[in-house]
Amino acid sequence: MARARSLGLAAFVAAPLAIALMADRTQSLRRDPPELRADSSIAVVSSRDAGGGTLREAITAAARTRGRVRITIAPSRITLLSPLPPVVNADGVVFDAMDSHCEIDASGIGNVPALLISSPGSAVSGLRFRNARDAAILVNAPNVFLRDVAVRDSTDGIVLTAARGTIVERASLERNTNGVRLDDTSPGTVIRGCTFRSHDGAGIWAVTGTPRGGTATRIENNTFRDDRVSVVIANLGASLTGNDIRGALENGVYTMQSRTIMRTNRILRSAGSGIVGDRVDGLVLERNEIDHNAAVGILIRSCRTASVQNNVVYANAYGIASVFGDRGAPNVIAGNVVTGNRLDGIFLIGSSPLLRGNRLLQNGAAAARVLDFVPLTGARIPSDPRFDNNTLRGNKLDAAVKGEYRPPPEKVKPQ
């Protein structure tokens with residue numbers, strides 16, 4: 001009877017323990033989002049460059065394994081002495097360093113990527129990189145997911161090529177040449193919730209040689225601080241939403257010949273202009289807050305059918321400037337609040353946009369300055385904007401001041 005009571009007590013204690021363990025396991029499974037799940041797992045337990053239990057051995061083993069493989073990385077630091085093998089498992093590899101936040105020092109591998117991902121549907125979570133002389137992470141496979149990675153003091157942080165549908169989320173990129181670099185071979189890229197700081201080139205460099213259409217890159221809810229240029233977009237489609245861009249050493253955003261849409265971004269304290277749109281058809285700039293930039297809040301140059309609407313532009317040198325443009329496909333500048341700029345609220349050179357419903361308030365020079373462009377040779381390009389229901393109040397000159405702009409003569413170097 002005593003033995004029976006003992007067995008009963010053991011069962012009574014063991015049952016809730018088993019239930020708790022099962023619950024913990026279930027919760028653990030629930031914590032893994034689909035992009036981080038795998039069919040099998042390999043543990044990295046050694047911080048050495050090569051040998052048993054190392055990252056190198058795990059990548060090699062994953063290449064021989066069927067199904068999606070998780071590589072769990074326990075060491076806090078790995079110093080590479082030679083390049084890692086490429087990641088090539090056909091079903092994807094998950095690099096999980098969320099517990100260790102392992103830092104990989106790539107200074108010893110030369111001018112090659114620290115981690116080359118050629119496996120579709122792979123994921124990297126929690127890894128840190130430093131001192132890569134090439135790219136820290138090079139992705140040349142589709143649908144890769146990069147979350148909570150960090151790269152600093154490298155040539156390029158993350159490079160995407162042939163990486164359609166890749167997502168970069170909550171990454172931290174600092175003191176690289178470029179934070180994220182991509183071209184037209186990676187349509188549908190999403191970059192969101194990341195932090196960019198102090199890049200010599202650009203926080204995001206999205207550039208290709210020939211104008212392309214295709215699916216736009218989405219740049220959402222990121223933070224940029226003190227980059228040379230925060231975002232450069234050339235010949236690619238892109239949308240920027242909810243980004244906080246501050247302290248660019250040149251311009252906050254520069255977009256050229258790109259179908260670019262910018263909404264609800266904050267751009268301030270650039271040493272140049274907040275936004276520069278150069279030869280862009282259909283540029284959309286709406287509901288952005290742009291202030292305290294040393295040159296122009298918004299500058300559009302040789303653009304067609306641009307929509308610059310409902311922005312708040314204040315405390316820059318100039319508010320909104322438009323230079324040249326197509327009279328047959330006019331730009332629309334409407335519903336903006338342009339106030340407290342040191343010089344002119346709106347500044348036009350050889351440009352004839354529709355100006356409708358703007359509030360031009362308390363700017364330090366003219367509410368609007370309208371200048372014909374008179375080249376050294378060739379025909380005059382008139383500025384003939386249409387003004388419709390704008391409010392001009394409290395400026396030094398509450399009027400559209402008309403005049404001419406003549407470029408300075410080119411200096412001839414002595415022979």
# chains A, B, ... in the order shown; residues from 1 in each chain; ligands from 1
>>> select_by_dssp(residues="stretch 22-268 of chain A", states="strand (DSSP E)", output="number ranges by chain")
A: 40-44, 69-73, 77-79, 93-96, 103-105, 115-117, 123-125, 128-130, 135-139, 145-147, 150-152, 156-160, 167-169, 172-174, 178-182, 190-192, 195-197, 202-207, 217-220, 223-225, 229-234, 238-241, 244-246, 253-256, 260-263, 266-268
>>> closest_atom_pairs(of="stretch 157-229 of chain A", to="stretch 114-117 of chain A", cutoff="12 Å", atoms="only C-alpha atoms", output="CSV")
residue,atom,partner,partner_atom,distance
A:Gly157,CA,A:Ala114,CA,10.1
A:Ile158,CA,A:Leu115,CA,9.8
A:Val159,CA,A:Leu116,CA,9.7
A:Leu160,CA,A:Ile117,CA,9.9
A:Thr161,CA,A:Ile117,CA,10.5
A:Ala162,CA,A:Ile117,CA,11.0
A:Ala163,CA,A:Ile117,CA,9.7
A:Thr166,CA,A:Ile117,CA,11.6
>>> write_last_selection(atoms="C-alpha atoms", output="PDB file, in the first residue's frame")
ATOM      1  CA  GLY A 157      27.436  45.735 -44.815  1.00  0.00           C
ATOM      2  CA  ILE A 158      24.891  43.740 -46.837  1.00  0.00           C
ATOM      3  CA  VAL A 159      25.044  43.273 -50.617  1.00  0.00           C
ATOM      4  CA  LEU A 160      22.010  41.930 -52.486  1.00  0.00           C
ATOM      5  CA  THR A 161      22.401  40.641 -56.022  1.00  0.00           C
ATOM      6  CA  ALA A 162      19.973  38.194 -57.646  1.00  0.00           C
ATOM      7  CA  ALA A 163      18.228  38.325 -54.257  1.00  0.00           C
ATOM      8  CA  THR A 166      14.894  39.461 -49.624  1.00  0.00           C
TER       9      THR A 166
END
>>> residues_around(residues="A:Ile78", least_positions_apart="2", cutoff="8 Å", atoms="only C-alpha atoms", output="PyMOL selection string")
chain A and resi 47-49+75-76+80+102-105
>>> write_last_selection(atoms="C-alpha atoms", output="PDB file, in the first residue's frame")
ATOM      1  CA  SER A  47      35.229  29.677 -31.736  1.00  0.00           C
ATOM      2  CA  ARG A  48      38.145  28.341 -33.797  1.00  0.00           C
ATOM      3  CA  ASP A  49      38.437  28.990 -37.520  1.00  0.00           C
ATOM      4  CA  PRO A  75      30.389  31.201 -29.199  1.00  0.00           C
ATOM      5  CA  SER A  76      30.312  34.942 -28.599  1.00  0.00           C
ATOM      6  CA  LEU A  80      38.084  33.950 -39.396  1.00  0.00           C
ATOM      7  CA  CYS A 102      28.163  36.027 -32.014  1.00  0.00           C
ATOM      8  CA  GLU A 103      30.531  38.552 -33.601  1.00  0.00           C
ATOM      9  CA  ILE A 104      32.508  37.416 -36.637  1.00  0.00           C
ATOM     10  CA  ASP A 105      35.811  39.222 -37.238  1.00  0.00           C
TER      11      ASP A 105
END
>>> atom_distance(atom1="atom CA of A:Ser322", atom2="atom CA of A:Ser302")
8.0 Å
>>> closest_residue(among="A:Asp291, A:Asp148, A:Asp326, A:Asp226", to="A:Thr305", atoms="only C-alpha atoms")
A:Asp326
>>> closest_residue(among="A:Ala368, A:Ile109, A:Val149, A:Val253", to="A:Pro83", atoms="only C-alpha atoms")
A:Ile109
>>> closest_atom_pairs(of="stretch 157-244 of chain A", to="stretch 275-290 of chain A", cutoff="10 Å", atoms="only C-alpha atoms", output="CSV")
residue,atom,partner,partner_atom,distance
A:Val231,CA,A:Ile275,CA,9.7
A:Val232,CA,A:Val276,CA,9.8
A:Ile233,CA,A:Gly277,CA,9.7
A:Ala234,CA,A:Asp278,CA,9.3
A:Asn235,CA,A:Val280,CA,9.1
A:Ser239,CA,A:Val284,CA,9.2
A:Leu240,CA,A:Leu285,CA,9.6
A:Thr241,CA,A:Asn288,CA,9.1
A:Gly242,CA,A:Asn288,CA,8.7
A:Asn243,CA,A:Asn288,CA,9.7
A:Asp244,CA,A:Glu289,CA,9.7
>>> closest_residue(among="A:Gly394, A:Ala399, A:Gln362, A:Tyr405", to="A:Ile381", atoms="only C-alpha atoms")
A:Tyr405
>>> atom_distance(atom1="atom CA of A:Ile204", atom2="atom CA of A:Thr185")
15.6 Å
